[in-house]
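**Student:** Below: one structure in structure tokens.
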Amino acid sequence: MIDIKLLRTDPDLVRENIKKKFQDEKLPLVDEVIALDKEYREAVTRCDYLRNQRNVISKRIGMLMGEGKRDEAEATKKEVTAMADEMAALDQRKVELQGEIRKRMLVIPQIIDPSVPIGKDDSENVEIERFGEPLVPDYPIPYHTDIMKKFNGIELDAARDKISGNGFYYLCGDIARLHSAVLSYARDFMIDRGYTYYIPPFMIHSSVVNGVMSFSEMENMMYKIEGEDLYLIGTSEHSMIGKFIDSFLEEDSLPQRLTSYSPCFRKEVGAHGIEERGVYRIHQFEKQEMIIVCKPEDSPRMFDELWKNTVDFFRSLEIPVRTLECCSGDLADLKVKSLDVEAWSPRQQKYFEVGSCSNLGDAQARRLGIRIKSKDKQKGNYFAHTLNNTVVAPPRMLIAFLENHLQADGSVTVPEPLRPYMGGKDHLE
RNA sequence: GGAGAAAUACCCAAGUGGCUAUAAGGGGCUCCCCUGCUAAGGGAGUAGACUGGGAUAACCGGUGCGUGGGUUCAAAUCCCACUUUCUCCGCCA
């Protein structure tokens, strides 16, 4: 959601932004919002006036009653009755208008950062950095589930056919242990960098869902609990950003660097579906996440910090990665700027997404009411900026891990930082 | 899950239809005075937020007693629903 005051003062900026995102179909919304807002403010002004009159007259009735002048009081009552209908009508209209305005505001995209490359879709994302050699070994790299099966590490059939359906899995043995090890290592990796560790709620109210994501994301991602106002989180970002709902933060308490663990549940309705076999795209996975809440002027710097954390994490596990900057057309509506971190797949001989780093600007803060108390009275309170990034999300990450560490003899090496979490083992066989 | 009690400002708390929410009283905090040293006394200040008009001013309005409705000219106060907390009972890792 963008600032309604921005629409009042500079609708052209908003229009330009919509065009950059190739969402011309949303252009009419701008004029609609401006017109609705005008009508809304007129209604408010009139309504406030009437209410003021009523308050004054009611007080007078009270005084007359107190003085025992009943007849005069009864006569005065009639003055108010005349206003009641108009006020009721205006009140109703105000609610309608607010709803109409909000409906439109929610789908008008956030103003993107000037540094974001302009492009239609993900094919026009721009590679900005690479680390590690994207090597292709001279021995074959099997499909990741086949590597897992060789270690008796995955049971897909039972999960799919009898228990939960396609998109679910059992991990077991060393592969399950590896999964936990990666998450534990990721947790400690972030704690060592000064992030506070959280285990958040795994279900959240709809009010939080609406605050942290756009409507289309919600439709395609979120599982709803039947009969309750609760949704399973798609990422701990949802409950972690939601934590700040309706709050005022002290300037001195910022930036807040948090890292959280949670299972993540996603319907995966839409473009990709879950047609890929294996554990690349699934309904349930686990993730170590990082989020930052900061002052607006700090968010570009924080964005770089977040991104580097993930890159460093993968480098420490000796997995080659590259970073792609999302172009305007591929940027979700709430995002100001976003990067995808991709890991190398020796089997497919291409990179695939393992993490996504986003600066949401004040979009989530506006929806959720996350404000910063200004020490400068003149300046007034202002909205915070929110950012999030994946540290690591297995089991998808295990695909990269297994493919890159698989040896010619079929064993898998365990990089040094992970060994303490794997009972000291330096390889799996 | 059942029964009872409660929700007012930074904290405690008074207020049971209007004439002090312009929120009593206490505590805390900030400043000042007196005093002169692990103290005591006196005085002043202490809603914030959202929002409309106005010029991003001065200023003038609207909303606010857990949340949402209702009754009324007028609701902290009366009615309904919900939420949360506390006590007791039941159940459970």
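Lettering and numbering for the structure tokens are positional, with chains as A, B, ... in the shown order, residues counted from 1 in each chain, and ligands counted from 1 in the shown order.
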With a distance threshold of 8 Å and counting only C-alpha atoms (C1' of nucleotides), extract the residues of chain A near chain B and express them as a ChimeraX atom specification.
**Tutor:** /A:41,44-45,48-49,51-52,54-55,57-59,61-63,66,76-78,80-81
**Student:** Could you name the residues that touch segment 103-118 of chain A at 10 Å or less, counting only C-alpha atoms (C1' of nucleotides), but leaving out those on the same chain fewer than 5 positions away, as an MDAnalysis selection string?
**Tutor:** chainID A and resid 1:4 7 13:23 26:30 32:33 97:98 124:126 210:211 213:216 300 325:339 359:364 367
**Student:** To test your reading of the structure, identify every residue in segment 166-213 of chain A that backbone DSSP assigns to alpha helix (DSSP H), and report it as a PyMOL selection string.
**Tutor:** chain A and resi 173-192+206-212
**Student:** Could you tell me how far atom CA of Tyr261 of chain A lies from atom CA of Asn220 of chain A, in Å and to one decimal?
**Tutor:**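 Answer for the atom CA of Tyr261 of chain A to atom CA of Asn220 of chain A separation: 22.2 Å.
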